[in-house]
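The structure appears right after this line, and notes come after that.
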Amino acid sequence: SNKGATKSAGSEPTLGTDPFKDTVQRLRETFNSGRTRPAAFRVAQLEGLGRFLREKQQLLQEALVQDLRKSPFESDISEIILCQNEVDLALKNLQAWMKDTPASTNLLTKLDSAFTRKEPFGLVLIIGPWNYPVNLTLVPLVGAIAAGNCVILKPSEISKGTEKVLAEVLPQYLDQSSFAVALGGPEETQKLLEHKFDYILFTGSPRVGKIIYQSAAKHLTPITLELGGKNPCYVDDNCDPQTVANRLAWFRYFNTGQTCVAPDYVLCSPEMQERLVPALQNTITRFYGEDPQNSPNLGRIISQKHFKRLHELLSCGRVAFGGQSDENSLYIAPTVLVDVQEKEKVMQEEIFGPILPLMTVRSLDEAIDFINRREKPLALYAFSNNSQVVNQVLDRTSSGNFGGNDGFLYMTLPSLPFGGVGKSGMGRYHGKFSFDTFSNHRACLLSPSGLEKLNEIRYPPYSSRAQKL
Ligand code: NAD
């Protein structure tokens with residue numbers, strides 16, 4: 001990755017001089033010219049993005065096959081269509097979102113006009129991960145463009161197929177004086193982060209999130225961090241095991257388990273574990289066939305590194321179902337682990353693969369205590385026939401998102417904010433929340449230039465004012 005290195009007198013080889021200097025400068029100049037502010041400009045960009053998604057749908061599907069062997073159905077419903085929906089929503093509501101919000105006044109400001117103006121921050125940096133490399137770069141992009149910003153997009157270097165389409169094809173659909181794609185891994189990204197941005201949205205791991213947060217702090221740049229963690233799933237005794245198994249398996253093994261909001265582990269009674277295992281086995285066989293390795297509906301692990309990490313997790317607890325793997329094709333079978341202990345590795349790190357551990361608890365209280373002893377998760381799930389139980393889990397815990405009796409469908413609603421809390425992140429986006437995230441909410445009070453007589457009451461000498469009152 002040191003390709004562009006130059007060796008200047010007496011110094012270590014560095015990564016070029018500064019590969020991003022010209023781009024940052026160009027985009028800054030564009031922003032300062034005011035070009036990106038008018039609604040018509042934003043509409044044109046959003047329409048361009050919409051056209052890209054329509055015309056290059058197949059190219060994106062192919063890239064996602066190359067990166068993750070993602071099935072076109074999963075690519076459509078979890079990436080491309082969600083981006084299209086965001087574009088459509090922004091186009092439909094842009095005028096309304098951009099409108100100043102009037103505010104009430106008091107006695108002293110009665111004749112003034114008070115309002116909140118949503119103005120663009122300026123230059124925005126969006127850094128994406130590899131697991132939903134279209135959705136998690138382009139959905140934030142919709143919000144940043146709608147809010148009138150210039151944008152540098154830094155896709156993950158790990159999902160190479162998608163990175164290439166975003167870098168080579170997407171810019172043809174957007175104004176290149178206000179939009180650019182930056183390429184590279186950790187080293188290049190840190191170089192990029194030396195520049196001052198006006199807003200950063202990062203999606204990725206908590207470990208890297210801390211690095212990004214520190215870089216942002218050097219410039220006091222506001223930031224949204226969309227991170228991950230272990231998402232608990234509580235299953236009550238009164239549930240129908242087959243229904244739970246169907247829903248749970250779909251959301252756990254979707255995208256081969258490489259989903260930040262996937263249910264990461266199950267907490268249930270030993271009795272429920274007994275009933276859930278055959279139900280999961282039934283579901284998995286129905287979904288992916290007798291040999292999931294041949295299923296067109298199951299993807300592959302993104303890299304050798306993640307394969308090795310996941311392979312190690314297969315030795316935790318006891319394999320109740322699945323457990324097969326093939327390093328050459330980066331295949332890991334949909335797996336269920338039972339009798340897992342808290343101290344085991346599979347219960348310590350985010351799994352991010354097709355492995356579902358079941359851990360037994362004796363009661364709802366014990367499950368809630370277990371959840372609350374750990375970091376606040378990005379998502380939390382509860383299954384029960386009794387809505388009071390679902391509500392108890394909701395009332396007594398905290399998470400970025402919550403699903404009752406289902407998985408991460410809340411993600412598909414732009415009417416809901418999406419984001420984490422605590423170690424799973426800060427800030428939120430989707431729909432209007434994206435527009436608000438990428439806007440500075442500017443407080444404005446416009447007073448009449450005349451009527452100065454009325455102001456005399458506030459000026460010194462105060463003694464005379466006191467007499468008047
Ligand atoms: P990652 O943190 O390794 O990488 C994310 C981005 O950061 C990439 O673009 C990468 O190039 C860059 N990066 C990596 N190391 C860096 C460094 N040292 N300095 C600067 N930049 C660096 O994450 P990932 O492996 O791509 O994605 C998996 C993680 O993302 C999981 O933890 C998952 O839960 C989380 N995630 C969260 C969400 C969400 O919406 N909250 C969505 C998807 C994934």
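Identifiers in this document derive from the order of the structure tokens: chains are assigned A, B, ..., residues are numbered from 1 separately in each chain, and ligands are numbered from 1 in order of occurrence.
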List every residue of stretch 343-442 of chain A that DSSP, applied to the backbone of this structure, places in strand (DSSP E), and write the result as a PDB file with C-alpha atoms, in the first residue's frame.
ATOM      1  CA  ILE A 355     -23.000 -19.139  14.223  1.00  0.00           C
ATOM      2  CA  LEU A 356     -25.784 -18.925  16.812  1.00  0.00           C
ATOM      3  CA  PRO A 357     -24.933 -19.772  20.426  1.00  0.00           C
ATOM      4  CA  LEU A 358     -27.711 -20.606  22.879  1.00  0.00           C
ATOM      5  CA  MET A 359     -27.049 -19.802  26.516  1.00  0.00           C
ATOM      6  CA  THR A 360     -29.444 -20.950  29.176  1.00  0.00           C
ATOM      7  CA  ALA A 379     -29.928  -4.181  18.804  1.00  0.00           C
ATOM      8  CA  LEU A 380     -31.929  -6.228  21.255  1.00  0.00           C
ATOM      9  CA  TYR A 381     -34.621  -8.832  20.549  1.00  0.00           C
ATOM     10  CA  ALA A 382     -37.305 -10.430  22.675  1.00  0.00           C
ATOM     11  CA  PHE A 383     -39.704 -13.206  21.694  1.00  0.00           C
ATOM     12  CA  ASN A 401     -32.747  -0.584  18.292  1.00  0.00           C
ATOM     13  CA  PHE A 402     -35.311  -3.043  19.599  1.00  0.00           C
ATOM     14  CA  GLY A 403     -37.243  -5.826  17.881  1.00  0.00           C
ATOM     15  CA  GLY A 404     -40.189  -7.623  19.501  1.00  0.00           C
ATOM     16  CA  GLY A 425     -22.291   4.107  18.720  1.00  0.00           C
ATOM     17  CA  MET A 426     -23.709   7.614  18.828  1.00  0.00           C
ATOM     18  CA  SER A 439     -27.434  19.776   8.840  1.00  0.00           C
ATOM     19  CA  ASN A 440     -26.327  22.472  11.231  1.00  0.00           C
ATOM     20  CA  HIS A 441     -29.439  23.563  13.096  1.00  0.00           C
ATOM     21  CA  ARG A 442     -28.803  27.291  13.072  1.00  0.00           C
TER      22      ARG A 442
END
Find the residues near ligand 1. Use a cut-off of 7 Å, count only C-alpha atoms and all ligand atoms, and write them as a PyMOL selection string. chain A and resi 127-132+136+154-157+184-187+189-190+203-209+211-212+226-229+259-260+350+378+419-420+424-425
Determine, using only C-alpha atoms, which residues of stretch 190-255 of chain A have any atom at most 12 Å from an atom of stretch 263-284 of chain A, and tabulate each with its shortest atom pair and distance in Å to one decimal place, rows ordered by chain and then rising number, as CSV.
residue,atom,partner,partner_atom,distance
A:Gly228,CA,A:Asp264,CA,10.6
A:Gly229,CA,A:Asp264,CA,8.5
A:Lys230,CA,A:Asp264,CA,5.5
A:Asn231,CA,A:Asp264,CA,4.9
A:Pro232,CA,A:Tyr265,CA,5.4
A:Cys233,CA,A:Val266,CA,4.8
A:Tyr234,CA,A:Leu267,CA,4.8
A:Val235,CA,A:Cys268,CA,5.2
A:Asp236,CA,A:Cys268,CA,6.5
A:Asp237,CA,A:Met272,CA,5.8
A:Asn238,CA,A:Met272,CA,8.7
A:Cys239,CA,A:Met272,CA,8.6
A:Asp240,CA,A:Leu276,CA,9.0
A:Pro241,CA,A:Leu276,CA,5.3
A:Gln242,CA,A:Ala279,CA,5.1
A:Thr243,CA,A:Ala279,CA,8.5
A:Val244,CA,A:Leu276,CA,8.0
A:Ala245,CA,A:Leu280,CA,4.9
A:Asn246,CA,A:Thr283,CA,5.8
A:Arg247,CA,A:Thr283,CA,9.3
A:Leu248,CA,A:Pro263,CA,7.3
A:Ala249,CA,A:Leu280,CA,6.9
A:Trp250,CA,A:Ile284,CA,8.7
A:Phe251,CA,A:Pro263,CA,7.0
A:Arg252,CA,A:Pro263,CA,5.8
A:Tyr253,CA,A:Ile284,CA,9.0
A:Phe254,CA,A:Pro263,CA,10.6
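Between A:Leu141 and the candidates A:Tyr173, A:Phe307, A:Phe179, A:Phe41, the tightest atom-to-atom separation, counting only C-alpha atoms, involves A:Phe179.
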Nearby residues (only C-alpha atoms) at most 10 Å from A:Ala63, same-chain spacing under 2 positions excluded, as a VMD selection string: chain A and resid 57 to 61 65 to 70 75 133 to 134 159 to 165
